>>> print(open('work.cif').read())   # mmCIF, C-alpha atoms
data_my_file
#
loop_
_atom_site.group_PDB
_atom_site.id
_atom_site.type_symbol
_atom_site.label_atom_id
_atom_site.label_comp_id
_atom_site.auth_asym_id
_atom_site.auth_seq_id
_atom_site.Cartn_x
_atom_site.Cartn_y
_atom_site.Cartn_z
ATOM 1 C CA MET A 121 -14.867 6.220 63.867
ATOM 2 C CA SER A 122 -15.763 6.687 60.205
ATOM 3 C CA HIS A 123 -17.088 3.122 60.041
ATOM 4 C CA TYR A 124 -20.024 4.368 62.126
ATOM 5 C CA THR A 125 -20.983 6.883 59.471
ATOM 6 C CA ASP A 126 -20.123 5.033 56.249
ATOM 7 C CA ASN A 127 -23.766 4.337 55.311
ATOM 8 C CA LEU A 128 -25.349 7.571 56.538
ATOM 9 C CA THR A 129 -26.921 9.852 53.951
ATOM 10 C CA GLN A 130 -27.873 12.899 56.036
ATOM 11 C CA LEU A 131 -25.173 13.497 58.662
ATOM 12 C CA GLY A 132 -22.667 16.078 57.486
ATOM 13 C CA GLY A 133 -24.706 16.837 54.383
ATOM 14 C CA ASP A 134 -27.301 19.317 53.250
ATOM 15 C CA ALA A 135 -30.332 17.261 54.243
ATOM 16 C CA ARG A 136 -33.668 19.025 54.334
ATOM 17 C CA PRO A 137 -36.843 17.948 56.092
ATOM 18 C CA VAL A 138 -39.628 16.439 54.022
ATOM 19 C CA ASN A 139 -43.310 17.328 54.415
ATOM 20 C CA ASP A 140 -44.571 13.845 55.226
ATOM 21 C CA PRO A 141 -43.196 11.577 57.970
ATOM 22 C CA LYS A 142 -43.708 8.541 55.714
ATOM 23 C CA ASP A 143 -41.080 10.013 53.359
ATOM 24 C CA ALA A 144 -38.583 10.819 56.135
ATOM 25 C CA VAL A 145 -35.443 8.686 56.291
ATOM 26 C CA LEU A 146 -34.508 7.459 59.757
ATOM 27 C CA GLU A 147 -30.954 6.173 60.018
ATOM 28 C CA ARG A 148 -29.110 4.094 62.575
ATOM 29 C CA VAL A 149 -25.550 3.524 63.701
ATOM 30 C CA PRO A 150 -24.023 0.564 65.534
ATOM 31 C CA ASN A 151 -24.263 0.697 69.317
ATOM 32 C CA PRO A 152 -20.666 0.775 70.626
ATOM 33 C CA HIS A 153 -21.850 -0.846 73.898
ATOM 34 C CA PRO A 154 -24.412 -3.518 72.959
ATOM 35 C CA ASP A 155 -23.369 -5.532 76.023
ATOM 36 C CA VAL A 156 -24.632 -2.835 78.418
ATOM 37 C CA ASP A 157 -28.258 -1.995 79.213
ATOM 38 C CA TYR A 158 -28.584 1.794 79.400
ATOM 39 C CA VAL A 159 -31.242 4.357 78.570
ATOM 40 C CA ALA A 160 -30.782 6.843 75.743
ATOM 41 C CA ARG A 161 -33.174 9.794 75.832
ATOM 42 C CA PHE A 162 -34.255 12.247 73.174
ATOM 43 C CA THR A 163 -36.406 15.223 74.107
ATOM 44 C CA ALA A 164 -38.222 17.402 71.586
ATOM 45 C CA PRO A 165 -39.787 20.244 73.602
ATOM 46 C CA GLU A 166 -40.983 22.122 70.503
ATOM 47 C CA PHE A 167 -42.581 19.357 68.424
ATOM 48 C CA THR A 168 -45.236 20.609 65.997
ATOM 49 C CA SER A 169 -47.817 19.068 63.711
ATOM 50 C CA LEU A 170 -51.126 20.167 62.226
ATOM 51 C CA CYS A 171 -54.668 19.330 63.248
ATOM 52 C CA PRO A 172 -56.031 17.142 60.436
ATOM 53 C CA VAL A 173 -59.445 18.809 60.687
ATOM 54 C CA THR A 174 -58.735 22.521 61.105
ATOM 55 C CA GLY A 175 -55.149 22.778 59.840
ATOM 56 C CA GLN A 176 -54.239 24.685 62.991
ATOM 57 C CA PRO A 177 -50.838 23.975 64.580
ATOM 58 C CA ASP A 178 -50.535 21.540 67.460
ATOM 59 C CA PHE A 179 -47.591 21.626 69.861
ATOM 60 C CA ALA A 180 -46.112 18.921 72.061
ATOM 61 C CA HIS A 181 -43.206 18.083 74.299
ATOM 62 C CA ILE A 182 -42.066 14.618 73.161
ATOM 63 C CA VAL A 183 -39.784 12.414 75.291
ATOM 64 C CA ILE A 184 -38.332 9.222 73.790
ATOM 65 C CA ASP A 185 -36.451 6.748 75.999
ATOM 66 C CA TYR A 186 -34.983 3.498 74.769
ATOM 67 C CA VAL A 187 -32.583 0.761 75.799
ATOM 68 C CA PRO A 188 -30.604 0.060 72.645
ATOM 69 C CA GLY A 189 -29.700 -3.341 71.362
ATOM 70 C CA GLU A 190 -27.387 -3.461 68.367
ATOM 71 C CA TRP A 191 -28.419 -0.045 67.009
ATOM 72 C CA LEU A 192 -28.675 3.633 67.969
ATOM 73 C CA VAL A 193 -30.809 6.136 66.104
ATOM 74 C CA GLU A 194 -28.702 8.735 64.301
ATOM 75 C CA SER A 195 -29.755 12.021 65.889
ATOM 76 C CA LYS A 196 -29.801 14.266 62.795
ATOM 77 C CA SER A 197 -32.091 11.824 61.009
ATOM 78 C CA LEU A 198 -34.345 11.779 64.086
ATOM 79 C CA LYS A 199 -34.445 15.577 64.109
ATOM 80 C CA LEU A 200 -35.385 15.660 60.423
ATOM 81 C CA PHE A 201 -37.987 12.930 60.967
ATOM 82 C CA LEU A 202 -39.604 14.858 63.819
ATOM 83 C CA THR A 203 -39.512 18.063 61.765
ATOM 84 C CA SER A 204 -41.380 16.298 58.940
ATOM 85 C CA PHE A 205 -44.525 16.421 61.089
ATOM 86 C CA ARG A 206 -44.522 20.238 60.992
ATOM 87 C CA ASN A 207 -46.780 20.414 57.919
ATOM 88 C CA HIS A 208 -48.435 17.024 58.425
ATOM 89 C CA GLY A 209 -52.025 16.697 59.563
ATOM 90 C CA ALA A 210 -52.615 13.958 62.141
ATOM 91 C CA PHE A 211 -54.206 13.562 65.547
ATOM 92 C CA HIS A 212 -52.016 13.613 68.656
ATOM 93 C CA GLU A 213 -52.335 9.890 69.242
ATOM 94 C CA ASP A 214 -51.385 9.096 65.648
ATOM 95 C CA CYS A 215 -48.258 11.285 65.695
ATOM 96 C CA THR A 216 -47.018 9.901 69.020
ATOM 97 C CA ILE A 217 -47.568 6.225 68.233
ATOM 98 C CA TYR A 218 -46.259 6.556 64.665
ATOM 99 C CA ILE A 219 -42.962 7.946 65.997
ATOM 100 C CA ALA A 220 -42.648 5.022 68.399
ATOM 101 C CA LYS A 221 -43.485 2.407 65.756
ATOM 102 C CA ARG A 222 -40.933 3.790 63.296
ATOM 103 C CA LEU A 223 -38.207 3.759 65.945
ATOM 104 C CA LYS A 224 -39.118 0.268 67.115
ATOM 105 C CA GLU A 225 -39.013 -1.024 63.538
ATOM 106 C CA LEU A 226 -35.670 0.666 62.789
ATOM 107 C CA LEU A 227 -33.822 -0.163 65.990
ATOM 108 C CA ASP A 228 -35.360 -3.306 67.473
ATOM 109 C CA PRO A 229 -34.489 -1.903 70.918
ATOM 110 C CA ARG A 230 -34.555 -3.938 74.102
ATOM 111 C CA TRP A 231 -37.114 -1.444 75.381
ATOM 112 C CA LEU A 232 -38.697 1.802 74.181
ATOM 113 C CA ARG A 233 -41.182 4.265 75.573
ATOM 114 C CA ILE A 234 -42.571 7.525 74.278
ATOM 115 C CA ALA A 235 -44.396 10.287 76.110
ATOM 116 C CA GLY A 236 -46.253 12.919 74.128
ATOM 117 C CA TYR A 237 -47.322 15.877 76.251
ATOM 118 C CA TRP A 238 -49.613 17.840 73.940
ATOM 119 C CA TYR A 239 -50.528 21.428 74.680
ATOM 120 C CA PRO A 240 -54.254 22.140 75.036
ATOM 121 C CA ARG A 241 -56.484 22.794 72.049
ATOM 122 C CA GLY A 242 -60.074 23.591 72.847
ATOM 123 C CA GLY A 243 -59.172 23.609 76.531
ATOM 124 C CA ILE A 244 -58.169 19.931 76.709
ATOM 125 C CA PRO A 245 -54.596 18.663 76.813
ATOM 126 C CA ILE A 246 -54.106 15.201 75.350
ATOM 127 C CA ASP A 247 -51.131 13.250 76.674
ATOM 128 C CA VAL A 248 -50.151 10.029 74.919
ATOM 129 C CA PHE A 249 -47.922 7.344 76.479
ATOM 130 C CA TRP A 250 -46.726 4.020 75.069
ATOM 131 C CA GLN A 251 -43.976 1.518 75.762
ATOM 132 C CA THR A 252 -42.919 -1.858 74.442
ATOM 133 C CA GLY A 253 -43.192 -3.619 77.827
ATOM 134 C CA GLU A 254 -41.242 -3.648 81.058
ATOM 135 C CA ALA A 255 -37.815 -2.027 81.061
ATOM 136 C CA PRO A 256 -34.919 -4.478 81.502
ATOM 137 C CA LYS A 257 -34.219 -5.311 85.131
ATOM 138 C CA GLY A 258 -31.700 -3.022 86.745
ATOM 139 C CA VAL A 259 -31.957 -0.213 84.184
ATOM 140 C CA TRP A 260 -32.403 3.238 85.646
ATOM 141 C CA VAL A 261 -35.308 4.922 83.862
ATOM 142 C CA PRO A 262 -35.698 8.502 85.079
ATOM 143 C CA GLU A 263 -39.014 10.304 85.106
ATOM 144 C CA THR A 264 -39.714 12.190 81.891
ATOM 145 C CA GLY A 265 -39.271 15.527 83.654
ATOM 146 C CA VAL A 266 -42.456 16.986 82.175
ATOM 147 C CA ALA A 267 -45.070 18.121 84.660
ATOM 148 C CA PRO A 268 -48.705 17.233 83.976
ATOM 149 C CA TYR A 269 -50.795 20.117 82.704
ATOM 150 C CA ARG A 270 -52.135 22.306 85.502
ATOM 151 C CA GLY A 271 -53.467 25.305 83.652
ATOM 152 C CA ARG A 272 -52.940 28.702 85.171
ATOM 153 C CA GLY A 273 -54.156 27.894 88.636
#
>>> encode(input="work.cif", output="structure tokens")
Amino acid sequence: MSHYTDNLTQLGGDARPVNDPKDAVLERVPNPHPDVDYVARFTAPEFTSLCPVTGQPDFAHIVIDYVPGEWLVESKSLKLFLTSFRNHGAFHEDCTIYIAKRLKELLDPRWLRIAGYWYPRGGIPIDVFWQTGEAPKGVWVPETGVAPYRGRG
């Protein structure tokens, strides 16, 4: 199994998050089942970034689904990448789409989608959704499991 981790720089080490997502290192490992279409899901229910105008914190529930090809994202590097947004100022749409683009570039997945459910600021929730196209035929893609915002009523 060590051949999966031979080129990883963060797993098992003292890796710390950086303050800018552009400086974050995303790593990948070989997919042990590249002949099978399946969905891998990562959920970050406590994602945070900063408003680029006010500097106030923004919070989101991020759901990432992808059908891997030859590569899987290494989960510790993904966690550190997502954490790098904590002190980064960007709008909701920018954060969500930037995450998807970085993963698409790293993995070249058969399919990828991201759902960013952002908590309201100024009374308006902003939800951001993007995917690379249609999911491969026959792949079970569950709902994201995040209810749309309904307020307190």
>>> atom_distance(input="work.cif", atom1="CA of Asp185 in chain A", atom2="CA of Ile217 in chain A")
13.6 Å
>>> atom_distance(input="work.cif", atom1="CA of Trp250 in chain A", atom2="CA of Gly175 in chain A")
25.6 Å
>>> resolve_selection(input="work.cif", expression="the PyMOL selection byres ((chain A and resi 179) around 10)", output="MDAnalysis selection string")
chainID A and resid 165:171 177:178 180:182 206 212 236:241
>>> closest_residue(input="work.cif", among="A:Trp191, A:Trp260, A:Phe201, A:Phe249", to="Tyr158 in chain A", atoms="all atoms listed in the file")
A:Trp260
>>> closest_residue(input="work.cif", among="A:Val193, A:Ala255, A:Ala235, A:Val261", to="Glu213 in chain A", atoms="all atoms listed in the file")
A:Ala235
>>> closest_residue(input="work.cif", among="A:Ile234, A:Leu146, A:Ile219, A:Val138", to="Thr264 in chain A", atoms="all atoms listed in the file")
A:Ile234
>>> resolve_selection(input="work.cif", expression="the PyMOL selection byres ((chain A and resi 268) around 9)", output="VMD selection string")
chain A and resid 237 247 266 to 267 269 to 270
>>> resolve_selection(input="work.cif", expression="the PyMOL selection byres ((chain A and resi 223) around 10)", output="list in words")
Leu146, Glu147, Arg148, Ile184, Tyr186, Leu192, Val193, Leu198, Ile217, Tyr218, Ile219, Ala220, Lys221, Arg222, Lys224, Glu225, Leu226, Leu227, Asp228, Pro229 and Leu232 of chain A
>>> atom_distance(input="work.cif", atom1="CA of Phe211 in chain A", atom2="CA of Lys142 in chain A")
15.2 Å
>>> residues_around(input="work.cif", residues="His153 in chain A", least_positions_apart="6", cutoff="10 Å", atoms="all atoms listed in the file", output="VMD selection string")
chain A and resid 188 to 191
>>> residues_around(input="work.cif", residues="Val259 in chain A", least_positions_apart="3", cutoff="10 Å", atoms="all atoms listed in the file", output="count of residues only")
8
>>> residues_around(input="work.cif", residues="Lys199 in chain A", least_positions_apart="4", cutoff="9 Å", atoms="all atoms listed in the file", output="PyMOL selection string")
chain A and resi 137+164+194-195+203-204
>>> residues_around(input="work.cif", residues="Asn139 in chain A", least_positions_apart="6", cutoff="7 Å", atoms="only C-alpha atoms", output="list in words")
Ser204, Phe205, Asn207 and His208 of chain A
>>> closest_residue(input="work.cif", among="A:Pro245, A:Pro172, A:Gly258, A:Pro152", to="Asp214 in chain A", atoms="all atoms listed in the file")
A:Pro172
>>> decode(input="work.cif", residues="range 131-166 of chain A", atoms="N, CA and C atoms", output="tab-separated table (two decimals), in the first residue's frame")
chain	number	residue	atom	x	y	z
A	131	LEU	N	0.42	13.87	4.03
A	131	LEU	CA	-0.16	12.78	4.80
A	131	LEU	C	0.89	12.19	5.73
A	132	GLY	N	0.52	12.09	7.01
A	132	GLY	CA	1.44	11.52	7.99
A	132	GLY	C	2.48	12.49	8.49
A	133	GLY	N	2.44	13.73	8.01
A	133	GLY	CA	3.42	14.73	8.42
A	133	GLY	C	2.77	15.89	9.14
A	134	ASP	N	3.58	16.83	9.53
A	134	ASP	CA	3.11	18.01	10.24
A	134	ASP	C	2.82	19.12	9.24
A	135	ALA	N	1.79	18.92	8.43
A	135	ALA	CA	1.41	19.91	7.43
A	135	ALA	C	0.46	20.91	8.06
A	136	ARG	N	0.67	22.16	7.76
A	136	ARG	CA	-0.17	23.23	8.30
A	136	ARG	C	-0.87	23.95	7.14
A	137	PRO	N	-2.09	24.43	7.41
A	137	PRO	CA	-2.78	25.16	6.35
A	137	PRO	C	-2.09	26.47	6.02
A	138	VAL	N	-2.20	26.87	4.78
A	138	VAL	CA	-1.67	28.16	4.33
A	138	VAL	C	-2.82	29.17	4.35
A	139	ASN	N	-2.50	30.45	4.17
A	139	ASN	CA	-3.52	31.48	4.24
A	139	ASN	C	-4.12	31.88	2.91
A	140	ASP	N	-3.66	31.26	1.83
A	140	ASP	CA	-4.19	31.58	0.51
A	140	ASP	C	-4.38	30.28	-0.26
A	141	PRO	N	-5.59	30.04	-0.77
A	141	PRO	CA	-5.84	28.80	-1.52
A	141	PRO	C	-4.90	28.59	-2.70
A	142	LYS	N	-4.40	29.66	-3.30
A	142	LYS	CA	-3.49	29.53	-4.43
A	142	LYS	C	-2.17	28.88	-4.00
A	143	ASP	N	-1.82	29.00	-2.71
A	143	ASP	CA	-0.59	28.40	-2.20
A	143	ASP	C	-0.80	27.00	-1.64
A	144	ALA	N	-2.04	26.56	-1.54
A	144	ALA	CA	-2.35	25.24	-0.98
A	144	ALA	C	-1.97	24.14	-1.97
A	145	VAL	N	-1.42	23.07	-1.44
A	145	VAL	CA	-1.00	21.93	-2.26
A	145	VAL	C	-2.08	20.86	-2.20
A	146	LEU	N	-2.71	20.59	-3.32
A	146	LEU	CA	-3.64	19.47	-3.44
A	146	LEU	C	-2.88	18.27	-3.98
A	147	GLU	N	-3.08	17.12	-3.38
A	147	GLU	CA	-2.37	15.92	-3.81
A	147	GLU	C	-3.37	14.85	-4.24
A	148	ARG	N	-2.87	13.90	-5.01
A	148	ARG	CA	-3.72	12.83	-5.53
A	148	ARG	C	-3.02	11.50	-5.33
A	149	VAL	N	-3.85	10.46	-5.33
A	149	VAL	CA	-3.35	9.08	-5.26
A	149	VAL	C	-4.02	8.29	-6.37
A	150	PRO	N	-3.39	7.19	-6.81
A	150	PRO	CA	-4.01	6.39	-7.86
A	150	PRO	C	-5.34	5.79	-7.40
A	151	ASN	N	-6.29	5.77	-8.29
A	151	ASN	CA	-7.58	5.14	-8.04
A	151	ASN	C	-7.39	3.62	-8.14
A	152	PRO	N	-7.66	2.87	-7.07
A	152	PRO	CA	-7.47	1.42	-7.15
A	152	PRO	C	-8.53	0.71	-8.01
A	153	HIS	N	-9.58	1.44	-8.40
A	153	HIS	CA	-10.65	0.85	-9.22
A	153	HIS	C	-10.99	1.77	-10.40
A	154	PRO	N	-10.03	2.06	-11.27
A	154	PRO	CA	-10.32	2.97	-12.38
A	154	PRO	C	-11.27	2.38	-13.42
A	155	ASP	N	-11.53	1.09	-13.32
A	155	ASP	CA	-12.43	0.42	-14.27
A	155	ASP	C	-13.89	0.50	-13.84
A	156	VAL	N	-14.16	1.10	-12.68
A	156	VAL	CA	-15.51	1.16	-12.13
A	156	VAL	C	-15.93	2.62	-12.01
A	157	ASP	N	-17.13	2.94	-12.49
A	157	ASP	CA	-17.70	4.27	-12.28
A	157	ASP	C	-18.43	4.28	-10.94
A	158	TYR	N	-17.96	5.10	-10.02
A	158	TYR	CA	-18.59	5.26	-8.71
A	158	TYR	C	-18.42	6.71	-8.28
A	159	VAL	N	-19.26	7.13	-7.35
A	159	VAL	CA	-19.20	8.49	-6.85
A	159	VAL	C	-18.45	8.52	-5.52
A	160	ALA	N	-17.49	9.41	-5.41
A	160	ALA	CA	-16.83	9.71	-4.15
A	160	ALA	C	-17.34	11.07	-3.69
A	161	ARG	N	-17.69	11.17	-2.42
A	161	ARG	CA	-18.25	12.42	-1.90
A	161	ARG	C	-17.43	12.94	-0.73
A	162	PHE	N	-17.20	14.23	-0.75
A	162	PHE	CA	-16.60	14.94	0.37
A	162	PHE	C	-17.58	16.03	0.80
A	163	THR	N	-17.80	16.12	2.10
A	163	THR	CA	-18.71	17.11	2.65
A	163	THR	C	-17.96	17.94	3.68
A	164	ALA	N	-18.04	19.25	3.52
A	164	ALA	CA	-17.41	20.18	4.47
A	164	ALA	C	-18.51	21.06	5.05
A	165	PRO	N	-19.14	20.62	6.15
A	165	PRO	CA	-20.28	21.37	6.69
A	165	PRO	C	-19.90	22.63	7.44
A	166	GLU	N	-18.60	22.86	7.66
A	166	GLU	CA	-18.17	24.04	8.41
A	166	GLU	C	-17.13	24.85	7.63
